[in-house]
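Q: Data file structure-v3.cif (mmCIF, C-alpha atoms and all ligand atoms) is appended below.
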```
data_protein
loop_
_atom_site.group_PDB
_atom_site.id
_atom_site.type_symbol
_atom_site.label_atom_id
_atom_site.label_comp_id
_atom_site.auth_asym_id
_atom_site.auth_seq_id
_atom_site.Cartn_x
_atom_site.Cartn_y
_atom_site.Cartn_z
ATOM 1 C CA MET A 1 13.677 -104.291 27.515
ATOM 2 C CA LYS A 2 11.285 -102.562 29.845
ATOM 3 C CA VAL A 3 11.627 -99.770 32.411
ATOM 4 C CA LEU A 4 9.105 -99.527 35.248
ATOM 5 C CA LEU A 5 8.771 -95.984 36.623
ATOM 6 C CA LEU A 6 7.070 -95.388 39.983
ATOM 7 C CA ASN A 7 5.419 -92.010 40.599
ATOM 8 C CA GLY A 8 5.294 -91.450 44.363
ATOM 9 C CA SER A 9 3.093 -88.368 44.146
ATOM 10 C CA SER A 10 -0.658 -88.275 44.700
ATOM 11 C CA HIS A 11 -0.813 -85.973 41.644
ATOM 12 C CA SER A 12 -1.023 -88.044 38.492
ATOM 13 C CA GLN A 13 -0.180 -84.961 36.387
ATOM 14 C CA GLY A 14 2.095 -83.068 38.769
ATOM 15 C CA THR A 15 5.746 -82.073 38.723
ATOM 16 C CA THR A 16 6.966 -85.631 39.351
ATOM 17 C CA MET A 17 5.012 -86.783 36.318
ATOM 18 C CA ALA A 18 6.547 -83.988 34.208
ATOM 19 C CA ALA A 19 10.044 -85.222 35.118
ATOM 20 C CA LEU A 20 9.081 -88.826 34.368
ATOM 21 C CA GLN A 21 7.534 -87.877 31.023
ATOM 22 C CA GLU A 22 10.832 -86.262 30.040
ATOM 23 C CA MET A 23 12.502 -89.639 30.626
ATOM 24 C CA VAL A 24 9.737 -91.526 28.816
ATOM 25 C CA GLU A 25 10.399 -89.462 25.678
ATOM 26 C CA VAL A 26 14.027 -90.589 25.713
ATOM 27 C CA PHE A 27 13.087 -94.227 26.335
ATOM 28 C CA SER A 28 10.598 -94.078 23.457
ATOM 29 C CA CYS A 29 13.211 -92.579 21.088
ATOM 30 C CA GLU A 30 15.571 -95.397 22.078
ATOM 31 C CA GLY A 31 12.906 -98.027 21.443
ATOM 32 C CA VAL A 32 12.732 -99.060 25.103
ATOM 33 C CA GLU A 33 9.313 -100.003 26.475
ATOM 34 C CA CYS A 34 8.254 -98.258 29.655
ATOM 35 C CA GLU A 35 5.343 -98.035 32.066
ATOM 36 C CA ILE A 36 4.572 -95.415 34.689
ATOM 37 C CA PHE A 37 2.986 -96.879 37.812
ATOM 38 C CA GLN A 38 1.119 -94.368 39.981
ATOM 39 C CA CYS A 39 1.156 -94.771 43.754
ATOM 40 C CA GLY A 40 -2.139 -92.891 43.432
ATOM 41 C CA ALA A 41 -4.109 -90.625 45.715
ATOM 42 C CA LYS A 42 -5.631 -93.276 47.981
ATOM 43 C CA ALA A 43 -4.066 -94.116 51.334
ATOM 44 C CA VAL A 44 -1.014 -96.373 51.260
ATOM 45 C CA ALA A 45 -0.554 -98.318 54.487
ATOM 46 C CA ASP A 46 2.791 -98.544 56.197
ATOM 47 C CA CYS A 47 4.376 -101.976 56.693
ATOM 48 C CA LEU A 48 2.692 -103.809 59.591
ATOM 49 C CA GLN A 49 5.738 -106.029 60.126
ATOM 50 C CA CYS A 50 3.185 -108.801 60.657
ATOM 51 C CA GLY A 51 5.370 -111.424 58.997
ATOM 52 C CA ALA A 52 2.566 -112.687 56.734
ATOM 53 C CA CYS A 53 4.656 -112.009 53.604
ATOM 54 C CA ALA A 54 7.118 -114.713 54.659
ATOM 55 C CA ARG A 55 4.242 -117.201 54.412
ATOM 56 C CA LEU A 56 2.254 -115.695 51.523
ATOM 57 C CA GLY A 57 5.115 -114.506 49.309
ATOM 58 C CA ARG A 58 3.297 -111.178 48.955
ATOM 59 C CA CYS A 59 2.053 -108.367 51.168
ATOM 60 C CA VAL A 60 -1.056 -109.150 53.187
ATOM 61 C CA ILE A 61 -2.491 -105.709 52.334
ATOM 62 C CA GLU A 62 -4.036 -106.171 48.913
ATOM 63 C CA ASP A 63 -5.862 -102.953 48.091
ATOM 64 C CA ASP A 64 -3.240 -100.341 47.262
ATOM 65 C CA GLY A 65 -1.198 -101.602 44.331
ATOM 66 C CA VAL A 66 1.962 -102.751 46.116
ATOM 67 C CA ASN A 67 1.548 -106.409 45.122
ATOM 68 C CA MET A 68 0.627 -105.429 41.567
ATOM 69 C CA PHE A 69 3.788 -103.313 41.375
ATOM 70 C CA VAL A 70 5.974 -106.205 42.561
ATOM 71 C CA GLU A 71 4.388 -108.493 39.945
ATOM 72 C CA LYS A 72 5.182 -105.930 37.232
ATOM 73 C CA ALA A 73 8.691 -105.551 38.650
ATOM 74 C CA ARG A 74 9.383 -109.249 38.028
ATOM 75 C CA SER A 75 9.309 -108.731 34.265
ATOM 76 C CA ALA A 76 10.883 -105.252 34.264
ATOM 77 C CA ASP A 77 14.564 -104.737 33.459
ATOM 78 C CA ALA A 78 15.144 -101.381 35.168
ATOM 79 C CA PHE A 79 13.448 -98.978 37.575
ATOM 80 C CA VAL A 80 12.942 -95.300 38.270
ATOM 81 C CA PHE A 81 11.549 -94.333 41.682
ATOM 82 C CA ALA A 82 10.338 -90.722 41.669
ATOM 83 C CA SER A 83 8.967 -88.619 44.498
ATOM 84 C CA PRO A 84 8.078 -85.065 45.419
ATOM 85 C CA VAL A 85 10.058 -83.646 48.329
ATOM 86 C CA TYR A 86 7.980 -83.369 51.503
ATOM 87 C CA TYR A 87 9.801 -81.655 54.368
ATOM 88 C CA ALA A 88 13.153 -82.655 52.851
ATOM 89 C CA HIS A 89 12.292 -86.362 52.517
ATOM 90 C CA PRO A 90 10.342 -88.543 50.070
ATOM 91 C CA SER A 91 6.552 -88.624 50.249
ATOM 92 C CA GLY A 92 5.297 -90.894 53.039
ATOM 93 C CA ARG A 93 3.295 -92.561 50.302
ATOM 94 C CA ILE A 94 6.316 -93.785 48.326
ATOM 95 C CA LEU A 95 8.214 -94.815 51.468
ATOM 96 C CA SER A 96 5.307 -96.942 52.711
ATOM 97 C CA PHE A 97 4.841 -98.331 49.208
ATOM 98 C CA LEU A 98 8.488 -99.261 48.696
ATOM 99 C CA ASP A 99 8.996 -100.555 52.255
ATOM 100 C CA ARG A 100 6.223 -103.071 51.665
ATOM 101 C CA ALA A 101 7.271 -103.883 48.092
ATOM 102 C CA PHE A 102 10.860 -104.645 49.120
ATOM 103 C CA PHE A 103 10.064 -106.295 52.466
ATOM 104 C CA SER A 104 7.475 -108.642 50.937
ATOM 105 C CA ASP A 105 9.654 -109.633 47.959
ATOM 106 C CA LYS A 106 11.931 -112.077 49.752
ATOM 107 C CA GLY A 107 15.488 -112.028 48.462
ATOM 108 C CA TYR A 108 14.507 -108.972 46.395
ATOM 109 C CA GLU A 109 14.020 -111.362 43.480
ATOM 110 C CA ALA A 110 11.980 -108.874 41.449
ATOM 111 C CA PHE A 111 14.610 -106.149 41.817
ATOM 112 C CA ARG A 112 18.111 -107.527 42.279
ATOM 113 C CA PHE A 113 20.774 -106.948 39.642
ATOM 114 C CA LYS A 114 18.443 -104.620 37.725
ATOM 115 C CA PRO A 115 19.610 -101.014 37.155
ATOM 116 C CA ALA A 116 17.732 -98.282 38.974
ATOM 117 C CA ALA A 117 17.669 -94.571 39.679
ATOM 118 C CA SER A 118 15.675 -92.192 41.812
ATOM 119 C CA VAL A 119 14.318 -88.815 40.709
ATOM 120 C CA VAL A 120 13.036 -86.104 43.031
ATOM 121 C CA VAL A 121 11.111 -82.884 42.492
ATOM 122 C CA ALA A 122 10.760 -79.914 44.819
ATOM 123 C CA ARG A 123 9.716 -76.316 44.858
ATOM 124 C CA ARG A 124 13.057 -75.309 46.384
ATOM 125 C CA GLY A 125 14.951 -77.453 48.917
ATOM 126 C CA GLY A 126 15.522 -80.941 50.306
ATOM 127 C CA CYS A 127 16.307 -82.659 47.022
ATOM 128 C CA SER A 128 19.564 -84.379 47.889
ATOM 129 C CA ALA A 129 18.283 -85.738 51.235
ATOM 130 C CA THR A 130 15.241 -87.126 49.425
ATOM 131 C CA PHE A 131 17.449 -88.578 46.693
ATOM 132 C CA ASP A 132 19.640 -90.269 49.332
ATOM 133 C CA ALA A 133 16.640 -91.860 51.046
ATOM 134 C CA LEU A 134 15.299 -93.385 47.826
ATOM 135 C CA ASN A 135 18.730 -94.675 46.823
ATOM 136 C CA LYS A 136 18.841 -96.791 50.001
ATOM 137 C CA TYR A 137 16.486 -99.350 48.414
ATOM 138 C CA PHE A 138 18.995 -99.967 45.626
ATOM 139 C CA GLY A 139 21.897 -100.489 48.010
ATOM 140 C CA ILE A 140 20.243 -103.297 49.972
ATOM 141 C CA ALA A 141 18.908 -105.109 46.913
ATOM 142 C CA GLN A 142 22.068 -105.425 44.795
ATOM 143 C CA MET A 143 20.732 -102.998 42.200
ATOM 144 C CA PRO A 144 23.263 -101.132 40.022
ATOM 145 C CA VAL A 145 22.595 -97.429 40.426
ATOM 146 C CA VAL A 146 22.427 -95.347 37.250
ATOM 147 C CA SER A 147 23.801 -91.840 37.532
ATOM 148 C CA ALA A 148 23.537 -88.706 35.436
ATOM 149 C CA THR A 149 25.104 -85.250 35.297
ATOM 150 C CA TYR A 150 23.725 -84.022 38.634
ATOM 151 C CA TRP A 151 21.791 -85.538 41.578
ATOM 152 C CA ASN A 152 18.553 -86.262 39.779
ATOM 153 C CA SER A 153 16.242 -83.411 40.721
ATOM 154 C CA VAL A 154 13.806 -81.140 38.939
ATOM 155 C CA HIS A 155 12.499 -77.945 40.523
ATOM 156 C CA GLY A 156 8.903 -76.827 40.417
ATOM 157 C CA SER A 157 5.814 -76.255 42.536
ATOM 158 C CA VAL A 158 3.546 -77.452 39.768
ATOM 159 C CA ALA A 159 4.056 -79.403 36.547
ATOM 160 C CA SER A 160 4.260 -76.313 34.337
ATOM 161 C CA ASP A 161 7.349 -75.147 36.284
ATOM 162 C CA ALA A 162 9.370 -78.239 35.394
ATOM 163 C CA PRO A 163 10.367 -77.300 31.812
ATOM 164 C CA LYS A 164 11.729 -74.015 33.187
ATOM 165 C CA ASP A 165 14.314 -75.990 35.154
ATOM 166 C CA GLU A 166 16.324 -76.649 32.033
ATOM 167 C CA GLU A 167 19.269 -78.225 33.824
ATOM 168 C CA GLY A 168 16.972 -80.489 35.825
ATOM 169 C CA MET A 169 15.286 -81.701 32.659
ATOM 170 C CA GLN A 170 18.661 -82.148 30.954
ATOM 171 C CA THR A 171 19.767 -84.236 33.944
ATOM 172 C CA VAL A 172 16.796 -86.620 33.735
ATOM 173 C CA ARG A 173 17.220 -86.948 29.945
ATOM 174 C CA ASN A 174 20.875 -87.898 30.502
ATOM 175 C CA LEU A 175 19.748 -90.271 33.228
ATOM 176 C CA ALA A 176 17.378 -92.019 30.831
ATOM 177 C CA ARG A 177 20.112 -92.356 28.175
ATOM 178 C CA ASN A 178 22.552 -93.729 30.746
ATOM 179 C CA MET A 179 19.940 -96.209 31.934
ATOM 180 C CA VAL A 180 19.370 -97.467 28.387
ATOM 181 C CA TRP A 181 23.134 -97.821 27.939
ATOM 182 C CA MET A 182 23.450 -99.833 31.179
ATOM 183 C CA MET A 183 20.521 -102.064 30.255
ATOM 184 C CA ARG A 184 22.111 -102.775 26.873
ATOM 185 C CA CYS A 185 25.487 -103.551 28.485
ATOM 186 C CA LEU A 186 23.858 -105.996 30.890
ATOM 187 C CA GLU A 187 21.896 -107.594 28.065
ATOM 188 C CA ALA A 188 25.106 -107.983 26.021
ATOM 189 C CA GLY A 189 26.789 -109.543 29.048
ATOM 190 C CA ARG A 190 23.939 -112.015 29.489
ATOM 191 C CA LYS A 191 24.129 -112.985 25.824
ATOM 192 C CA ALA A 192 27.892 -113.451 26.156
ATOM 193 C CA GLY A 193 27.265 -115.924 28.988
ATOM 194 C CA ILE A 194 28.249 -113.792 31.969
ATOM 195 C CA ALA A 195 26.338 -115.280 34.884
ATOM 196 C CA LEU A 196 24.962 -113.333 37.820
ATOM 197 C CA PRO A 197 27.261 -113.412 40.859
ATOM 198 C CA GLU A 198 26.591 -115.798 43.734
ATOM 199 C CA THR A 199 25.043 -114.249 46.828
ATOM 200 C CA GLU A 200 26.067 -115.429 50.277
ATOM 201 C CA ARG A 201 23.192 -115.713 52.740
ATOM 202 C CA GLY A 202 22.724 -117.045 56.208
ATOM 203 C CA VAL A 203 24.621 -114.601 58.405
ATOM 204 C CA VAL A 204 22.171 -112.241 60.083
ATOM 205 C CA THR A 205 23.431 -110.355 63.115
ATOM 206 C CA ASN A 206 20.901 -108.133 64.794
ATOM 207 C CA PHE A 207 23.281 -106.596 67.305
ATOM 208 C CA VAL A 208 20.961 -107.674 70.109
ATOM 209 C CA ARG A 209 22.479 -110.167 72.519
HETATM 210 C C1 LIG B 1 3.552 -81.804 52.709
HETATM 211 C C2 LIG B 1 4.429 -81.109 51.712
HETATM 212 C C3 LIG B 1 5.735 -80.828 52.044
HETATM 213 C C4 LIG B 1 6.569 -80.204 51.121
HETATM 214 N N1 LIG B 1 7.878 -79.997 51.457
HETATM 215 C C5 LIG B 1 8.702 -79.412 50.568
HETATM 216 C C6 LIG B 1 10.093 -79.225 50.879
HETATM 217 O O1 LIG B 1 10.601 -79.637 51.924
HETATM 218 N N2 LIG B 1 10.872 -78.598 49.970
HETATM 219 C C7 LIG B 1 10.369 -78.131 48.773
HETATM 220 O O2 LIG B 1 11.120 -77.563 48.013
HETATM 221 N N3 LIG B 1 9.083 -78.354 48.422
HETATM 222 C C8 LIG B 1 8.237 -78.978 49.282
HETATM 223 N N4 LIG B 1 6.931 -79.223 48.931
HETATM 224 C C9 LIG B 1 6.478 -78.855 47.563
HETATM 225 C C10 LIG B 1 6.487 -80.042 46.589
HETATM 226 O O3 LIG B 1 7.670 -80.786 46.645
HETATM 227 C C11 LIG B 1 6.293 -79.516 45.153
HETATM 228 O O4 LIG B 1 5.106 -78.781 45.066
HETATM 229 C C12 LIG B 1 6.296 -80.616 44.109
HETATM 230 O O5 LIG B 1 6.353 -80.006 42.833
HETATM 231 C C13 LIG B 1 5.056 -81.515 44.149
HETATM 232 O O6 LIG B 1 5.196 -82.525 43.167
HETATM 233 P P1 LIG B 1 3.909 -83.276 42.557
HETATM 234 O O7 LIG B 1 3.124 -82.246 41.772
HETATM 235 O O8 LIG B 1 4.449 -84.344 41.671
HETATM 236 O O9 LIG B 1 3.141 -83.825 43.709
HETATM 237 C C14 LIG B 1 6.077 -79.838 49.834
HETATM 238 C C15 LIG B 1 4.744 -80.132 49.512
HETATM 239 C C16 LIG B 1 3.932 -80.762 50.427
HETATM 240 C C17 LIG B 1 2.510 -81.093 50.068
#
```
Starting from the file, lay out its structure as structure tokens.
Ligand SMILES: Cc1cc2nc3c(=O)[nH]c(=O)nc-3n(C[C@H](O)[C@H](O)[C@H](O)COP(=O)(O)O)c2cc1C
A:
Amino acid sequence: MKVLLLNGSSHSQGTTMAALQEMVEVFSCEGVECEIFQCGAKAVADCLQCGACARLGRCVIEDDGVNMFVEKARSADAFVFASPVYYAHPSGRILSFLDRAFFSDKGYEAFRFKPAASVVVARRGGCSATFDALNKYFGIAQMPVVSATYWNSVHGSVASDAPKDEEGMQTVRNLARNMVWMMRCLEAGRKAGIALPETERGVVTNFVR
């Protein structure tokens, strides 16, 4: 079993990373493989809505890791999407990244029916709005959402602040344990022969007449 964690900060060793590392320690103790994927500090383009992904099966923009992330997602069993709070919303970087990852992966094949959770970090405010925005990806892609003992947030301006938010760190540790539990339940269900549900397609109403 493998968890793929996305760090939506440009800081590879910032507060978001500190929260993710807290989860990685739990995953390691539980014997669950994990990988942190960095959105990085280079520019991440927004979706062009050019339609090329329908033809190519991948995003036409090749140079910022989105396609590599989707390829890794195909063999992952669960996801954590983590972002710093910027003006009470996720980083533009992670939104552009995830918009293109989800829009280019038709049918959300790499993501659907796999457990997921979002984690946010902030100096002070805007955590729950940021958390809500990231959770929207799970809702449209049939992904079971893993919860914890609070809305997953850790406070800090810089990485060294994170351990001082003891409840925040406790929350993400609980989140990691709950994610492992859900992954094991799903695995047990698969082994017991419980098939994935059918998905109806074909009705698309755009509310434009
Ligand atoms: C453009 C920008 C906007 C920010 N907006 C907020 C905010 O709305 N609320 C808040 O508490 N912190 C805000 N911050 C602070 C970051 O969320 C905080 O420093 C966080 O720890 C950065 O995480 P990182 O080190 O993983 O990048 C903002 C930072 C930047 C650069």
Q: Excluding region 17-23 of chain A and residues on its chain fewer than 5 positions from it, collect all residues at most 9 Å away from it, counting all atoms listed in the file, and give them as a list in words.
A: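 In the requested format, the answer is Leu5, Leu6, Asn7, Ser9, His11, Ser12, Ser28, Ile36, Val80, Ala82, Val119, Val120, Val121, Ser153, Val154, Ala159, Ser160, Ala162, Pro163, Gly168, Met169, Gln170, Val172, Arg173, Asn174, Leu175, Ala176 and Arg177 of chain A.
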Q: If we count only C-alpha atoms and set the cut-off at 6 Å, which residues sit around Ser96 (chain A), ignoring sequence neighbours fewer than 3 positions away in its own chain? Please answer as a PyMOL selection string.
A: chain A and resi 46+93+99
Q: Select the residues contacting ligand LIG 1 (chain B) at a distance of at most 8 Å, based on only C-alpha atoms and all ligand atoms, then format the selection as a ChimeraX atom specification.
A: /A:7-18,83-89,91,121-127,155-159
Q: Could you work out how far CA of Val26 (chain A) lies from CA of Lys114 (chain A), giving the answer in Å with one decimal?
A: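 That distance, rounded to one decimal, is 19.0 Å.
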Q: Go ahead and find all residues with at least one atom no further than 10 Å from (19.4, -102.2, 39.1) in the file's coordinates, using all atoms listed in the file; report them as a ChimeraX atom specification.
A: /A:77-80,111-117,138-139,141-146,179,182-183
Q: Go ahead and write the selection's residues with C-alpha atoms as a compact mmCIF listing (two decimals), in the frame of the given file.
A:
```txt
# COMPACT_ATOMS: atom_id res chain seq x y z
CA ASP A 77 14.56 -104.74 33.46
CA ALA A 78 15.14 -101.38 35.17
CA PHE A 79 13.45 -98.98 37.58
CA VAL A 80 12.94 -95.30 38.27
CA PHE A 111 14.61 -106.15 41.82
CA ARG A 112 18.11 -107.53 42.28
CA PHE A 113 20.77 -106.95 39.64
CA LYS A 114 18.44 -104.62 37.72
CA PRO A 115 19.61 -101.01 37.16
CA ALA A 116 17.73 -98.28 38.97
CA ALA A 117 17.67 -94.57 39.68
CA PHE A 138 19.00 -99.97 45.63
CA GLY A 139 21.90 -100.49 48.01
CA ALA A 141 18.91 -105.11 46.91
CA GLN A 142 22.07 -105.42 44.80
CA MET A 143 20.73 -103.00 42.20
CA PRO A 144 23.26 -101.13 40.02
CA VAL A 145 22.60 -97.43 40.43
CA VAL A 146 22.43 -95.35 37.25
CA MET A 179 19.94 -96.21 31.93
CA MET A 182 23.45 -99.83 31.18
CA MET A 183 20.52 -102.06 30.26
```
Q: If you measure from CA of Lys191 (chain A) to CA of Cys29 (chain A), what distance in Å do you get, rounded to one decimal?
A: 23.6 Å
Q: Which is closer to Ile61 (chain A) than all the others in A:Tyr137, A:Phe97, A:Phe207, A:Trp181, using only C-alpha atoms?
A: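 Ranked by minimum distance to Ile61 (chain A), first place goes to A:Phe97.
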Q: From the set A:Lys72, A:Arg184, A:Lys42, A:Arg55, which residue has the shortest atom-to-atom contact distance to Ser104 (chain A), counting all atoms listed in the file?
A: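 Once distances to Ser104 (chain A) are computed over all atoms listed in the file, the minimum belongs to A:Arg55.
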Q: Nearest to Gly40 (chain A): which of A:Leu134, A:Leu196, A:Val66, A:Cys53 is it, counting all atoms listed in the file?
A: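 Smallest distance to Gly40 (chain A) is found for A:Val66.
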Q: Taking all atoms listed in the file into account, name the residue in A:Phe81, A:Tyr108, A:Phe27, A:Tyr150 that is nearest to Leu95 (chain A).
A: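 That would be A:Phe81, the residue with the smallest distance to Leu95 (chain A).
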Q: Could you add the missing atoms to region 86-105 of chain A, up to N, CA, C and O atoms, and return them as an mmCIF file, keeping the file's coordinate frame?
A:
```
data_model
loop_
_atom_site.group_PDB
_atom_site.id
_atom_site.type_symbol
_atom_site.label_atom_id
_atom_site.label_comp_id
_atom_site.auth_asym_id
_atom_site.auth_seq_id
_atom_site.Cartn_x
_atom_site.Cartn_y
_atom_site.Cartn_z
ATOM 1 N N TYR A 86 8.858 -83.829 50.417
ATOM 2 C CA TYR A 86 7.980 -83.369 51.503
ATOM 3 C C TYR A 86 8.852 -83.163 52.732
ATOM 4 O O TYR A 86 9.394 -84.134 53.266
ATOM 5 N N TYR A 87 8.978 -81.952 53.199
ATOM 6 C CA TYR A 87 9.801 -81.655 54.368
ATOM 7 C C TYR A 87 11.169 -82.313 54.280
ATOM 8 O O TYR A 87 11.635 -82.961 55.218
ATOM 9 N N ALA A 88 11.782 -82.180 53.098
ATOM 10 C CA ALA A 88 13.153 -82.655 52.851
ATOM 11 C C ALA A 88 13.298 -84.173 52.896
ATOM 12 O O ALA A 88 14.393 -84.685 53.178
ATOM 13 N N HIS A 89 12.188 -84.898 52.647
ATOM 14 C CA HIS A 89 12.292 -86.362 52.517
ATOM 15 C C HIS A 89 11.292 -86.818 51.457
ATOM 16 O O HIS A 89 10.468 -86.020 50.997
ATOM 17 N N PRO A 90 11.323 -88.086 51.062
ATOM 18 C CA PRO A 90 10.342 -88.543 50.070
ATOM 19 C C PRO A 90 8.933 -88.508 50.642
ATOM 20 O O PRO A 90 8.734 -88.452 51.862
ATOM 21 N N SER A 91 7.938 -88.570 49.765
ATOM 22 C CA SER A 91 6.552 -88.624 50.249
ATOM 23 C C SER A 91 6.388 -89.862 51.136
ATOM 24 O O SER A 91 6.975 -90.925 50.867
ATOM 25 N N GLY A 92 5.592 -89.732 52.191
ATOM 26 C CA GLY A 92 5.297 -90.894 53.039
ATOM 27 C C GLY A 92 4.695 -92.021 52.209
ATOM 28 O O GLY A 92 4.922 -93.215 52.460
ATOM 29 N N ARG A 93 3.951 -91.605 51.212
ATOM 30 C CA ARG A 93 3.295 -92.561 50.302
ATOM 31 C C ARG A 93 4.309 -93.502 49.644
ATOM 32 O O ARG A 93 4.184 -94.717 49.689
ATOM 33 N N ILE A 94 5.372 -92.919 49.042
ATOM 34 C CA ILE A 94 6.316 -93.785 48.326
ATOM 35 C C ILE A 94 7.157 -94.598 49.315
ATOM 36 O O ILE A 94 7.521 -95.745 49.025
ATOM 37 N N LEU A 95 7.431 -94.048 50.488
ATOM 38 C CA LEU A 95 8.214 -94.815 51.468
ATOM 39 C C LEU A 95 7.416 -96.019 51.962
ATOM 40 O O LEU A 95 7.938 -97.138 52.036
ATOM 41 N N SER A 96 6.134 -95.810 52.275
ATOM 42 C CA SER A 96 5.307 -96.942 52.711
ATOM 43 C C SER A 96 5.181 -97.966 51.589
ATOM 44 O O SER A 96 5.253 -99.185 51.824
ATOM 45 N N PHE A 97 5.004 -97.460 50.376
ATOM 46 C CA PHE A 97 4.841 -98.331 49.208
ATOM 47 C C PHE A 97 6.092 -99.189 49.000
ATOM 48 O O PHE A 97 6.027 -100.426 48.872
ATOM 49 N N LEU A 98 7.250 -98.526 48.986
ATOM 50 C CA LEU A 98 8.488 -99.261 48.696
ATOM 51 C C LEU A 98 8.922 -100.131 49.876
ATOM 52 O O LEU A 98 9.474 -101.217 49.667
ATOM 53 N N ASP A 99 8.669 -99.693 51.102
ATOM 54 C CA ASP A 99 8.996 -100.555 52.255
ATOM 55 C C ASP A 99 8.271 -101.890 52.104
ATOM 56 O O ASP A 99 8.860 -102.962 52.283
ATOM 57 N N ARG A 100 7.002 -101.821 51.764
ATOM 58 C CA ARG A 100 6.223 -103.071 51.665
ATOM 59 C C ARG A 100 6.600 -103.863 50.426
ATOM 60 O O ARG A 100 6.655 -105.090 50.453
ATOM 61 N N ALA A 101 6.877 -103.168 49.319
ATOM 62 C CA ALA A 101 7.271 -103.883 48.092
ATOM 63 C C ALA A 101 8.568 -104.655 48.334
ATOM 64 O O ALA A 101 8.667 -105.845 48.014
ATOM 65 N N PHE A 102 9.548 -103.997 48.928
ATOM 66 C CA PHE A 102 10.860 -104.645 49.120
ATOM 67 C C PHE A 102 10.800 -105.679 50.244
ATOM 68 O O PHE A 102 11.383 -106.750 50.127
ATOM 69 N N PHE A 103 10.099 -105.365 51.326
ATOM 70 C CA PHE A 103 10.064 -106.295 52.466
ATOM 71 C C PHE A 103 9.310 -107.577 52.114
ATOM 72 O O PHE A 103 9.653 -108.664 52.580
ATOM 73 N N SER A 104 8.289 -107.459 51.266
ATOM 74 C CA SER A 104 7.475 -108.642 50.937
ATOM 75 C C SER A 104 8.098 -109.479 49.829
ATOM 76 O O SER A 104 7.762 -110.650 49.675
ATOM 77 N N ASP A 105 9.013 -108.895 49.061
ATOM 78 C CA ASP A 105 9.654 -109.633 47.959
ATOM 79 C C ASP A 105 10.943 -110.261 48.499
ATOM 80 O O ASP A 105 12.013 -109.673 48.427
#
```
